[in-house]
file model22.pdb (PDB, C-alpha atoms)
ATOM      1  CA  MET A  19      91.339 114.537  84.629
ATOM      2  CA  THR A  20      91.778 114.381  88.410
ATOM      3  CA  GLU A  21      95.322 115.135  89.514
ATOM      4  CA  LYS A  22      97.149 112.617  91.723
ATOM      5  CA  VAL A  23      99.318 113.844  94.572
ATOM      6  CA  ILE A  24     101.581 112.105  97.095
ATOM      7  CA  PHE A  25     102.392 113.980 100.300
ATOM      8  CA  VAL A  26     105.712 112.481 101.344
ATOM      9  CA  ASP A  27     107.523 112.736 104.669
ATOM     10  CA  ILE A  28     111.283 112.212 105.084
ATOM     11  CA  ASP A  29     112.045 111.016 108.626
ATOM     12  CA  GLY A  30     110.570 107.549 109.111
ATOM     13  CA  VAL A  31     109.640 107.260 105.425
ATOM     14  CA  LEU A  32     112.631 108.035 103.203
ATOM     15  CA  LEU A  33     115.134 108.057 106.068
ATOM     16  CA  SER A  34     114.448 105.311 108.587
ATOM     17  CA  LEU A  35     115.869 104.826 112.055
ATOM     18  CA  GLU A  36     117.889 101.934 110.630
ATOM     19  CA  GLY A  37     119.171 104.250 107.921
ATOM     20  CA  CYS A  38     120.316 106.700 110.573
ATOM     21  CA  LYS A  39     122.554 103.932 111.964
ATOM     22  CA  SER A  40     124.611 103.597 108.787
ATOM     23  CA  PRO A  41     128.270 104.547 109.374
ATOM     24  CA  GLU A  42     127.989 107.746 107.322
ATOM     25  CA  ASN A  43     124.731 108.953 108.886
ATOM     26  CA  ALA A  44     125.707 107.889 112.405
ATOM     27  CA  ALA A  45     128.916 109.934 112.203
ATOM     28  CA  ILE A  46     127.024 112.997 110.948
ATOM     29  CA  LEU A  47     124.339 112.691 113.615
ATOM     30  CA  LYS A  48     126.964 112.307 116.332
ATOM     31  CA  ALA A  49     128.962 115.389 115.249
ATOM     32  CA  ARG A  50     125.970 117.479 114.118
ATOM     33  CA  PRO A  51     127.950 120.148 112.243
ATOM     34  CA  ASP A  52     126.165 123.214 110.905
ATOM     35  CA  GLY A  53     123.801 122.191 108.121
ATOM     36  CA  PHE A  54     124.274 118.513 108.952
ATOM     37  CA  MET A  55     120.875 117.491 107.577
ATOM     38  CA  ALA A  56     122.036 118.333 104.063
ATOM     39  CA  HIS A  57     124.632 115.557 104.359
ATOM     40  CA  LEU A  58     122.359 112.759 105.609
ATOM     41  CA  CYS A  59     121.760 109.995 103.067
ATOM     42  CA  PHE A  60     118.225 108.724 102.451
ATOM     43  CA  ASP A  61     117.483 104.987 102.331
ATOM     44  CA  ALA A  62     117.903 103.744  98.757
ATOM     45  CA  GLU A  63     114.956 101.296  98.676
ATOM     46  CA  PRO A  64     112.204 103.694  99.909
ATOM     47  CA  VAL A  65     113.406 106.338  97.436
ATOM     48  CA  LYS A  66     113.323 103.796  94.596
ATOM     49  CA  LEU A  67     109.808 102.659  95.544
ATOM     50  CA  ILE A  68     108.448 106.211  95.797
ATOM     51  CA  VAL A  69     109.953 107.188  92.436
ATOM     52  CA  GLU A  70     108.470 104.113  90.743
ATOM     53  CA  LEU A  71     105.093 104.709  92.392
ATOM     54  CA  ALA A  72     104.961 108.336  91.231
ATOM     55  CA  ASP A  73     105.970 107.337  87.692
ATOM     56  CA  ASP A  74     103.511 104.431  87.445
ATOM     57  CA  ALA A  75     100.596 106.354  89.021
ATOM     58  CA  GLY A  76     101.286 109.600  87.189
ATOM     59  CA  ALA A  77     101.329 111.329  90.576
ATOM     60  CA  LYS A  78     103.235 114.406  91.681
ATOM     61  CA  LEU A  79     105.117 114.659  94.965
ATOM     62  CA  VAL A  80     104.547 117.330  97.615
ATOM     63  CA  LEU A  81     106.955 117.538 100.542
ATOM     64  CA  SER A  82     105.166 117.376 103.902
ATOM     65  CA  SER A  83     108.276 116.768 106.033
ATOM     66  CA  ASN A  84     109.209 119.266 108.726
ATOM     67  CA  TRP A  85     112.587 119.468 106.999
ATOM     68  CA  ARG A  86     110.900 122.444 105.292
ATOM     69  CA  ARG A  87     111.196 124.355 108.549
ATOM     70  CA  VAL A  88     114.924 123.622 108.851
ATOM     71  CA  TRP A  89     115.610 124.909 105.353
ATOM     72  CA  GLY A  90     113.401 127.963 105.928
ATOM     73  CA  GLY A  91     112.936 129.982 102.762
ATOM     74  CA  ASP A  92     115.761 128.282 100.864
ATOM     75  CA  GLY A  93     113.568 125.983  98.833
ATOM     76  CA  ASP A  94     116.095 125.771  96.004
ATOM     77  CA  ALA A  95     118.717 124.242  98.305
ATOM     78  CA  LEU A  96     116.194 121.730  99.628
ATOM     79  CA  MET A  97     115.152 120.760  96.093
ATOM     80  CA  THR A  98     118.808 120.287  95.213
ATOM     81  CA  LYS A  99     119.112 117.911  98.168
ATOM     82  CA  LEU A 100     116.003 115.945  97.157
ATOM     83  CA  VAL A 101     117.191 115.574  93.567
ATOM     84  CA  ALA A 102     120.649 114.505  94.773
ATOM     85  CA  GLU A 103     118.959 111.713  96.769
ATOM     86  CA  GLY A 104     117.286 110.375  93.615
ATOM     87  CA  LEU A 105     113.910 112.179  93.685
ATOM     88  CA  ARG A 106     113.969 113.759  90.213
ATOM     89  CA  GLU A 107     112.832 117.360  89.897
ATOM     90  CA  ASP A 108     110.131 116.446  87.353
ATOM     91  CA  LEU A 109     108.454 114.234  89.958
ATOM     92  CA  TRP A 110     107.566 117.226  92.115
ATOM     93  CA  HIS A 111     104.377 119.258  91.911
ATOM     94  CA  GLU A 112     104.768 122.879  90.846
ATOM     95  CA  ASP A 113     103.614 123.708  94.402
ATOM     96  CA  TRP A 114     105.825 121.042  95.964
ATOM     97  CA  TYR A 115     106.540 122.947  99.148
ATOM     98  CA  LEU A 116     103.737 122.924 101.747
ATOM     99  CA  PRO A 117     102.919 126.276 103.356
ATOM    100  CA  VAL A 118     104.552 126.762 106.750
ATOM    101  CA  LEU A 119     101.856 127.745 109.251
ATOM    102  CA  GLY A 120     103.034 129.287 112.523
ATOM    103  CA  LEU A 121     106.128 128.560 114.575
ATOM    104  CA  GLU A 122     105.239 125.044 115.744
ATOM    105  CA  PRO A 123     105.206 121.993 113.411
ATOM    106  CA  ARG A 124     101.670 121.560 112.001
ATOM    107  CA  LYS A 125     102.217 119.489 108.889
ATOM    108  CA  PHE A 126      98.781 117.864 108.898
ATOM    109  CA  ASP A 127      97.065 121.261 109.066
ATOM    110  CA  GLU A 128      99.422 122.353 106.301
ATOM    111  CA  ILE A 129      98.401 119.384 104.153
ATOM    112  CA  ALA A 130      94.738 120.314 104.629
ATOM    113  CA  ASP A 131      95.528 123.942 103.771
ATOM    114  CA  TRP A 132      97.309 122.841 100.580
ATOM    115  CA  LEU A 133      94.368 120.668  99.550
ATOM    116  CA  ASP A 134      91.884 123.473 100.233
ATOM    117  CA  SER A 135      93.822 125.852  97.989
ATOM    118  CA  HIS A 136      94.060 123.490  94.997
ATOM    119  CA  PRO A 137      91.498 121.817  92.712
ATOM    120  CA  PRO A 138      90.158 118.467  93.989
ATOM    121  CA  CYS A 139      92.751 115.732  93.594
ATOM    122  CA  LEU A 140      93.373 112.110  94.539
ATOM    123  CA  ALA A 141      95.790 112.533  97.441
ATOM    124  CA  LEU A 142      97.826 110.008  99.400
ATOM    125  CA  VAL A 143      99.611 110.956 102.637
ATOM    126  CA  ILE A 144     102.672 108.798 103.415
ATOM    127  CA  ASP A 145     103.957 109.439 106.921
ATOM    128  CA  ASP A 146     105.296 107.621 109.961
ATOM    129  CA  GLU A 147     102.665 109.334 112.133
ATOM    130  CA  GLY A 148      98.914 108.759 112.045
ATOM    131  CA  TYR A 149      97.065 111.630 110.367
ATOM    132  CA  ARG A 150      95.867 114.155 112.959
ATOM    133  CA  GLY A 151      94.606 117.011 110.817
ATOM    134  CA  PRO A 152      91.197 118.214 109.611
ATOM    135  CA  PRO A 153      89.063 115.461 108.036
ATOM    136  CA  LEU A 154      90.128 114.394 104.563
ATOM    137  CA  ILE A 155      87.554 113.942 101.813
ATOM    138  CA  ARG A 156      86.412 110.325 101.774
ATOM    139  CA  GLY A 157      87.130 108.670  98.447
ATOM    140  CA  MET A 158      89.652 111.357  97.468
ATOM    141  CA  ALA A 159      92.357 110.929 100.111
ATOM    142  CA  GLY A 160      94.121 108.145 101.941
ATOM    143  CA  VAL A 161      96.836 107.702 104.550
ATOM    144  CA  ILE A 162      99.617 105.120 104.778
ATOM    145  CA  VAL A 163     101.465 104.989 108.093
ATOM    146  CA  THR A 164     104.985 103.605 107.816
ATOM    147  CA  ASP A 165     107.130 102.002 110.502
ATOM    148  CA  GLU A 166     109.780 104.612 111.327
ATOM    149  CA  SER A 167     112.343 101.905 112.042
ATOM    150  CA  VAL A 168     112.367 100.656 108.423
ATOM    151  CA  GLY A 169     110.677 103.424 106.447
ATOM    152  CA  TYR A 170     108.557 102.970 103.307
ATOM    153  CA  THR A 171     108.492  99.272 102.453
ATOM    154  CA  ALA A 172     107.208  96.999  99.698
ATOM    155  CA  SER A 173     104.053  96.272 101.705
ATOM    156  CA  ASP A 174     103.401 100.013 102.065
ATOM    157  CA  ASP A 175     103.983 100.356  98.334
ATOM    158  CA  GLU A 176     101.481  97.596  97.629
ATOM    159  CA  ALA A 177      98.819  99.503  99.579
ATOM    160  CA  ALA A 178      99.718 102.749  97.775
ATOM    161  CA  ARG A 179      99.353 101.045  94.398
ATOM    162  CA  ILE A 180      95.964  99.683  95.388
ATOM    163  CA  PHE A 181      94.898 103.214  96.339
ATOM    164  CA  PHE A 182      95.938 104.654  92.974
ATOM    165  CA  GLY A 183      94.752 101.599  91.046
ATOM    166  CA  VAL A 184      98.116 100.842  89.429
ATOM    167  CA  PRO A 185      99.733  97.421  88.930
ATOM    168  CA  ALA A 186     102.307  95.982  91.294
ATOM    169  CA  SER A 187     105.908  96.926  90.619
ATOM    170  CA  GLU A 188     108.131  94.572  88.627
ATOM    171  CA  ALA A 189     109.985  93.608  91.806
ATOM    172  CA  MET A 190     106.716  92.621  93.480
ATOM    173  CA  LEU A 191     105.624  90.560  90.484
ATOM    174  CA  THR A 192     108.984  88.760  90.439
ATOM    175  CA  GLU A 193     108.690  88.001  94.143
ATOM    176  CA  ASP A 194     105.090  86.833  93.809
ATOM    177  CA  THR A 195     105.885  84.435  90.943
ATOM    178  CA  ALA A 196     109.147  83.052  92.364
ATOM    179  CA  ASP A 197     107.280  80.375  94.332
ATOM    180  CA  HIS A 198     104.449  79.822  91.855
ATOM    181  CA  ASP A 199     104.258  76.125  92.696
ATOM    182  CA  GLU A 200     103.126  76.956  96.220
ATOM    183  CA  PRO A 201      99.561  78.153  96.826
ATOM    184  CA  ALA A 202      99.428  81.834  97.644
ATOM    185  CA  ALA A 203      98.720  82.617 101.285
ATOM    186  CA  PRO A 204      95.437  84.453 101.832
ATOM    187  CA  ASP A 205      95.781  88.182 102.429
ATOM    188  CA  PRO A 206      94.732  88.731 106.085
ATOM    189  CA  TYR A 207      93.976  92.382 105.397
ATOM    190  CA  ALA A 208      92.019  91.992 102.154
ATOM    191  CA  PRO A 209      88.808  93.569 103.583
ATOM    192  CA  GLU A 210      90.746  96.640 104.753
ATOM    193  CA  ARG A 211      92.549  96.965 101.427
ATOM    194  CA  GLU A 212      89.265  96.824  99.513
ATOM    195  CA  ALA A 213      87.730  99.384 101.851
ATOM    196  CA  PHE A 214      90.798 101.596 101.419
ATOM    197  CA  MET A 215      90.233 101.552  97.653
ATOM    198  CA  ARG A 216      86.696 102.802  98.279
ATOM    199  CA  GLY A 217      88.111 105.704 100.285
ATOM    200  CA  GLU A 218      86.910 104.486 103.657
ATOM    201  CA  PRO A 219      88.771 105.528 106.824
ATOM    202  CA  SER A 220      91.840 103.283 106.847
ATOM    203  CA  MET A 221      93.427 100.051 105.728
ATOM    204  CA  LYS A 222      95.876  99.656 108.581
ATOM    205  CA  PRO A 223      95.861  96.582 110.845
ATOM    206  CA  ILE A 224      94.199  97.197 114.185
ATOM    207  CA  GLY A 225      97.501  96.466 115.961
ATOM    208  CA  ALA A 226      99.156  99.307 114.038
ATOM    209  CA  TYR A 227      96.345 101.660 115.060
ATOM    210  CA  LEU A 228      96.766 100.787 118.751
ATOM    211  CA  ARG A 229     100.472 101.611 118.453
ATOM    212  CA  GLU A 230      99.547 104.999 116.991
ATOM    213  CA  ILE A 231      97.336 105.854 119.953
ATOM    214  CA  GLY A 232      99.991 105.110 122.508
ATOM    215  CA  CYS A 233     100.405 101.368 123.138
ATOM    216  CA  LYS A 234     103.420  99.887 121.369
ATOM    217  CA  SER A 235     103.190  96.475 123.024
ATOM    218  CA  PHE A 236     100.853  94.279 125.067
ATOM    219  CA  PRO A 237     103.011  92.163 127.395
ATOM    220  CA  PRO A 238     101.244  89.589 129.570
ATOM    221  CA  GLY A 239      99.809  91.105 132.732
ATOM    222  CA  GLN A 240      99.155  94.537 131.248
ATOM    223  CA  SER A 241      95.867  96.316 130.650
ATOM    224  CA  VAL A 242      95.332  99.634 128.878
ATOM    225  CA  LEU A 243      92.421 102.071 128.987
ATOM    226  CA  TRP A 244      91.557 104.885 126.586
ATOM    227  CA  TYR A 245      88.691 107.295 127.325
ATOM    228  CA  LYS A 246      87.317 110.241 125.395
ATOM    229  CA  GLY A 247      84.503 112.290 126.884
ATOM    230  CA  ASP A 248      81.871 113.845 124.652
ATOM    231  CA  GLY A 249      79.506 115.375 127.215
ATOM    232  CA  PRO A 250      78.824 115.777 130.945
ATOM    233  CA  ASP A 251      79.521 112.430 132.637
ATOM    234  CA  GLU A 252      79.621 110.500 129.376
ATOM    235  CA  GLY A 253      82.076 109.374 126.742
ATOM    236  CA  HIS A 254      83.641 106.521 124.786
ATOM    237  CA  TRP A 255      86.049 103.948 126.192
ATOM    238  CA  LEU A 256      88.457 101.412 124.724
ATOM    239  CA  PHE A 257      90.019  98.757 126.934
ATOM    240  CA  ALA A 258      92.647  96.091 126.201
ATOM    241  CA  ILE A 259      94.000  93.398 128.490
ATOM    242  CA  ALA A 260      96.695  90.758 128.134
ATOM    243  CA  PRO A 261      96.182  88.301 131.024
ATOM    244  CA  ALA A 262      99.214  87.372 133.112
ATOM    245  CA  GLN A 263     100.832  84.003 132.388
ATOM    246  CA  GLN A 264     102.561  81.594 134.718
ATOM    247  CA  GLY A 265     106.275  81.171 134.080
ATOM    248  CA  HIS A 266     107.790  82.474 130.852
ATOM    249  CA  SER A 267     105.334  83.886 128.356
ATOM    250  CA  SER A 268     105.182  82.364 124.904
ATOM    251  CA  PRO A 269     103.872  83.639 121.551
ATOM    252  CA  GLY A 270     100.236  83.108 120.664
ATOM    253  CA  TYR A 271      98.584  84.411 123.821
ATOM    254  CA  THR A 272      95.336  86.339 123.527
ATOM    255  CA  VAL A 273      94.843  90.074 123.977
ATOM    256  CA  THR A 274      91.211  91.053 124.494
ATOM    257  CA  LEU A 275      90.007  94.414 123.210
ATOM    258  CA  ALA A 276      86.604  95.839 124.186
ATOM    259  CA  PHE A 277      84.910  99.144 123.389
ATOM    260  CA  GLY A 278      81.727 100.944 124.358
ATOM    261  CA  ARG A 279      80.226 103.981 126.066
ATOM    262  CA  GLU A 280      79.882 105.273 129.603
ATOM    263  CA  LYS A 281      77.082 107.546 130.767
ATOM    264  CA  ALA A 282      76.556 108.739 134.323
ATOM    265  CA  GLY A 283      78.490 105.778 135.686
ATOM    266  CA  SER A 284      76.685 103.213 133.573
ATOM    267  CA  ILE A 285      79.019 101.150 131.381
ATOM    268  CA  GLU A 286      77.761  99.940 127.998
ATOM    269  CA  LEU A 287      79.752  97.314 126.071
ATOM    270  CA  LYS A 288      79.342  97.562 122.303
ATOM    271  CA  GLY A 289      81.898  95.128 120.937
ATOM    272  CA  CYS A 290      84.717  92.761 121.724
ATOM    273  CA  VAL A 291      87.754  91.733 119.661
ATOM    274  CA  LEU A 292      90.271  88.934 120.248
ATOM    275  CA  LEU A 293      93.843  89.600 119.132
ATOM    276  CA  ASN A 294      96.815  87.227 119.083
ATOM    277  CA  ALA A 295     100.331  88.215 120.153
ATOM    278  CA  GLU A 296     102.878  86.994 117.585
ATOM    279  CA  ASP A 297     105.796  87.296 119.992
ATOM    280  CA  ARG A 298     106.124  86.711 123.721
ATOM    281  CA  HIS A 299     106.353  90.427 124.525
ATOM    282  CA  GLY A 300     103.270  91.486 122.565
ATOM    283  CA  ASN A 301     105.190  93.829 120.268
ATOM    284  CA  ARG A 302     103.045  92.715 117.342
ATOM    285  CA  ILE A 303      99.421  91.687 117.668
ATOM    286  CA  VAL A 304      97.110  90.510 114.922
ATOM    287  CA  PHE A 305      93.356  90.272 114.561
ATOM    288  CA  ASN A 306      91.683  86.943 115.357
ATOM    289  CA  LYS A 307      87.941  87.540 115.552
ATOM    290  CA  GLY A 308      85.398  89.969 116.910
ATOM    291  CA  CYS A 309      81.717  90.591 117.442
ATOM    292  CA  LEU A 310      79.241  93.291 118.298
ATOM    293  CA  VAL A 311      77.303  92.581 121.485
ATOM    294  CA  ARG A 312      73.941  93.515 122.975
ATOM    295  CA  GLN A 313      73.494  93.775 126.701
ATOM    296  CA  GLN A 314      70.420  92.128 128.196
ATOM    297  CA  GLY A 315      70.335  92.543 131.947
ATOM    298  CA  ASP A 316      73.618  91.178 133.240
ATOM    299  CA  LYS A 317      74.210  89.103 130.094
ATOM    300  CA  PHE A 318      76.024  90.028 126.887
ATOM    301  CA  ILE A 319      74.605  88.491 123.726
ATOM    302  CA  PRO A 320      76.691  88.255 120.519
ATOM    303  CA  GLU A 321      74.859  90.219 117.836
ATOM    304  CA  ALA A 322      77.013  90.301 114.693
ATOM    305  CA  GLU A 323      80.459  89.239 113.547
ATOM    306  CA  LEU A 324      83.064  91.982 113.276
ATOM    307  CA  LYS A 325      85.695  91.852 110.547
ATOM    308  CA  GLU A 326      88.961  93.644 111.295
ATOM    309  CA  PHE A 327      88.123  96.689 109.177
ATOM    310  CA  ASP A 328      84.690  96.988 110.821
ATOM    311  CA  ALA A 329      86.199  96.791 114.306
ATOM    312  CA  LEU A 330      88.788  99.406 113.418
ATOM    313  CA  GLY A 331      86.092 101.668 112.020
ATOM    314  CA  HIS A 332      84.237 101.696 115.348
ATOM    315  CA  VAL A 333      87.271 102.969 117.275
ATOM    316  CA  LEU A 334      88.650 105.228 114.517
ATOM    317  CA  ASP A 335      85.455 107.259 114.522
ATOM    318  CA  VAL A 336      86.019 108.132 118.194
ATOM    319  CA  GLU A 337      89.571 109.491 117.649
ATOM    320  CA  PHE A 338      90.994 108.379 120.980
ATOM    321  CA  TYR A 339      93.926 110.353 122.339
ATOM    322  CA  SER A 340      97.434 108.834 122.356
ATOM    323  CA  ASN A 341      97.868 109.007 126.146
ATOM    324  CA  PRO A 342      96.140 105.924 127.602
ATOM    325  CA  TRP A 343      96.269 104.674 131.189
ATOM    326  CA  PHE A 344      98.387 101.562 131.805
ATOM    327  CA  PHE A 345      97.722  99.034 134.571
ATOM    328  CA  ALA A 346      99.623  95.948 135.708
ATOM    329  CA  GLU A 347      98.063  92.903 137.339
TER
END
call {"tool": "encode", "arguments": {"input": "model22.pdb", "output": "structure tokens"}}
result
Amino acid sequence: MTEKVIFVDIDGVLLSLEGCKSPENAAILKARPDGFMAHLCFDAEPVKLIVELADDAGAKLVLSSNWRRVWGGDGDALMTKLVAEGLREDLWHEDWYLPVLGLEPRKFDEIADWLDSHPPCLALVIDDEGYRGPPLIRGMAGVIVTDESVGYTASDDEAARIFFGVPASEAMLTEDTADHDEPAAPDPYAPEREAFMRGEPSMKPIGAYLREIGCKSFPPGQSVLWYKGDGPDEGHWLFAIAPAQQGHSSPGYTVTLAFGREKAGSIELKGCVLLNAEDRHGNRIVFNKGCLVRQQGDKFIPEAELKEFDALGHVLDVEFYSNPWFFAE
């Protein structure tokens, strides 16, 4: 039977930025006495969700957080802290402590090293950073990126349960049936969720991916360019623009995303995606529609519709760096 493993981070997953603002945590973080991290309190809801997920999926936890480096070789003290926060000792894998490689934080390399040294398993990485390590085995590993401000949420948990193929938690079922007289809203990310179950690259919304590679908002009048070279005078590009608006901006404006290749000064457009800003500052953008295009002379001809997961797949494969160029109109 294939083992199930959850690589769990602490900061941004079990301890959110909001959690750090609680009176107890805020006082500790302000004073920062020796060993202060041992006194920080995790967020109750993410801990509860992770415990229930591990129990329901029959998965074991492995700590990927860089808290390992703070505790050094005192794994017993760190386990005592984890148990005190509600993460029972029996939930943890016998090799629950990732190897520490080198002096600088390298948790994604350490996850890959752990996987290489153990029998094949179904592994889920839960972190507030996008995975930046060696390629994971398609169909055997997945990544859920949390929002560091709120940590691991019910929507993250829903995706994790889809990955492991376990039913929704009791709390989710109660919430889903509370308004049973109203028709259920369609899931806007259903194609990505289904692809995630098949082990394909990601199930995250395209807006979340753009945040990961360096653009946290798309206010009107801003354009952003990513470029990754892959040979002499050639490479891949990704460009987004939010046209300027007259007067005060309002929600619902369009952000245009385009991607393609450049070779020896010749620009090739491969696809175009329209995104909608849900707030007037472009802090959250959602997929509208997209298409692949074919260039014919100075004309661009729509070739095929792009679903959100397909569009994301095109740019994920390039692995753009998280340091884009920003321009203002």
call {"tool": "residues_around", "arguments": {"input": "model22.pdb", "residues": "stretch 53-59 of chain A", "least_positions_apart": "2", "cutoff": "12 Å", "atoms": "all atoms listed in the file", "output": "ChimeraX atom specification"}}
result
/A:28-29,32-51,61-65,84-89,95-104
call {"tool": "atom_distance", "arguments": {"input": "model22.pdb", "atom1": "atom CA of A:Ala276", "atom2": "atom CA of A:Lys288"}}
result
7.7 Å
call {"tool": "residues_near_point", "arguments": {"input": "model22.pdb", "point": "(107.1, 114.3, 98.8)", "cutoff": "8 Å", "atoms": "all atoms listed in the file", "output": "ChimeraX atom specification"}}
result
/A:24-28,79-83,110,114
call {"tool": "atom_distance", "arguments": {"input": "model22.pdb", "atom1": "atom CA of A:Trp132", "atom2": "atom CA of A:Phe60"}}
result
25.3 Å
call {"tool": "atom_distance", "arguments": {"input": "model22.pdb", "atom1": "atom CA of A:Phe236", "atom2": "atom CA of A:Val168"}}
result
21.2 Å
call {"tool": "resolve_selection", "arguments": {"input": "model22.pdb", "expression": "the PyMOL selection byres ((chain A and resi 163) around 10)", "output": "MDAnalysis selection string"}}
result
chainID A and resid 30:31 143:149 161:162 164:166 169:170 174 220:222 226:227 230
call {"tool": "closest_residue", "arguments": {"input": "model22.pdb", "among": "A:Leu140, A:Asp94, A:Leu334, A:Thr171", "to": "A:Gly183", "atoms": "only C-alpha atoms"}}
result
A:Leu140
call {"tool": "residues_around", "arguments": {"input": "model22.pdb", "residues": "A:Arg279", "least_positions_apart": "4", "cutoff": "7 Å", "atoms": "all atoms listed in the file", "output": "VMD selection string"}}
result
chain A and resid 253 to 255 285 to 287
call {"tool": "resolve_selection", "arguments": {"input": "model22.pdb", "expression": "the PyMOL selection byres ((chain A and resi 275) around 7)", "output": "VMD selection string"}}
result
chain A and resid 257 to 259 273 to 274 276 to 277 290 to 292
call {"tool": "build_atoms", "arguments": {"input": "model22.pdb", "residues": "stretch 111-123 of chain A", "atoms": "N, CA, C and O atoms", "output": "PDB file, in the frame of the given file"}}
result
ATOM      1  N   HIS A 111     105.462 118.357  92.294  1.00  0.00           N
ATOM      2  CA  HIS A 111     104.377 119.258  91.911  1.00  0.00           C
ATOM      3  C   HIS A 111     104.929 120.680  91.786  1.00  0.00           C
ATOM      4  O   HIS A 111     105.917 121.033  92.441  1.00  0.00           O
ATOM      5  N   GLU A 112     104.299 121.499  90.963  1.00  0.00           N
ATOM      6  CA  GLU A 112     104.768 122.879  90.846  1.00  0.00           C
ATOM      7  C   GLU A 112     104.663 123.610  92.191  1.00  0.00           C
ATOM      8  O   GLU A 112     105.447 124.532  92.465  1.00  0.00           O
ATOM      9  N   ASP A 113     103.712 123.199  93.028  1.00  0.00           N
ATOM     10  CA  ASP A 113     103.614 123.708  94.402  1.00  0.00           C
ATOM     11  C   ASP A 113     104.046 122.600  95.358  1.00  0.00           C
ATOM     12  O   ASP A 113     103.260 122.084  96.145  1.00  0.00           O
ATOM     13  N   TRP A 114     105.315 122.217  95.265  1.00  0.00           N
ATOM     14  CA  TRP A 114     105.825 121.042  95.964  1.00  0.00           C
ATOM     15  C   TRP A 114     106.127 121.298  97.424  1.00  0.00           C
ATOM     16  O   TRP A 114     106.347 120.367  98.181  1.00  0.00           O
ATOM     17  N   TYR A 115     106.083 122.545  97.819  1.00  0.00           N
ATOM     18  CA  TYR A 115     106.540 122.947  99.148  1.00  0.00           C
ATOM     19  C   TYR A 115     105.332 123.390  99.960  1.00  0.00           C
ATOM     20  O   TYR A 115     104.732 124.428  99.687  1.00  0.00           O
ATOM     21  N   LEU A 116     104.918 122.575 100.944  1.00  0.00           N
ATOM     22  CA  LEU A 116     103.737 122.924 101.747  1.00  0.00           C
ATOM     23  C   LEU A 116     103.909 124.281 102.418  1.00  0.00           C
ATOM     24  O   LEU A 116     105.021 124.648 102.804  1.00  0.00           O
ATOM     25  N   PRO A 117     102.814 125.026 102.601  1.00  0.00           N
ATOM     26  CA  PRO A 117     102.919 126.276 103.356  1.00  0.00           C
ATOM     27  C   PRO A 117     103.340 126.002 104.789  1.00  0.00           C
ATOM     28  O   PRO A 117     102.992 124.967 105.362  1.00  0.00           O
ATOM     29  N   VAL A 118     104.121 126.887 105.358  1.00  0.00           N
ATOM     30  CA  VAL A 118     104.552 126.762 106.750  1.00  0.00           C
ATOM     31  C   VAL A 118     103.652 127.649 107.600  1.00  0.00           C
ATOM     32  O   VAL A 118     103.683 128.873 107.486  1.00  0.00           O
ATOM     33  N   LEU A 119     102.835 127.012 108.442  1.00  0.00           N
ATOM     34  CA  LEU A 119     101.856 127.745 109.251  1.00  0.00           C
ATOM     35  C   LEU A 119     102.354 127.862 110.688  1.00  0.00           C
ATOM     36  O   LEU A 119     102.477 126.861 111.390  1.00  0.00           O
ATOM     37  N   GLY A 120     102.653 129.064 111.131  1.00  0.00           N
ATOM     38  CA  GLY A 120     103.034 129.287 112.523  1.00  0.00           C
ATOM     39  C   GLY A 120     104.436 128.803 112.840  1.00  0.00           C
ATOM     40  O   GLY A 120     105.191 128.344 111.976  1.00  0.00           O
ATOM     41  N   LEU A 121     104.783 128.895 114.119  1.00  0.00           N
ATOM     42  CA  LEU A 121     106.128 128.560 114.575  1.00  0.00           C
ATOM     43  C   LEU A 121     106.274 127.086 114.938  1.00  0.00           C
ATOM     44  O   LEU A 121     107.361 126.532 114.883  1.00  0.00           O
ATOM     45  N   GLU A 122     105.187 126.450 115.352  1.00  0.00           N
ATOM     46  CA  GLU A 122     105.239 125.044 115.744  1.00  0.00           C
ATOM     47  C   GLU A 122     104.897 124.137 114.559  1.00  0.00           C
ATOM     48  O   GLU A 122     104.108 124.507 113.693  1.00  0.00           O
ATOM     49  N   PRO A 123     105.511 122.934 114.500  1.00  0.00           N
ATOM     50  CA  PRO A 123     105.206 121.993 113.411  1.00  0.00           C
ATOM     51  C   PRO A 123     103.713 121.660 113.349  1.00  0.00           C
ATOM     52  O   PRO A 123     103.120 121.258 114.343  1.00  0.00           O
TER      53      PRO A 123
END
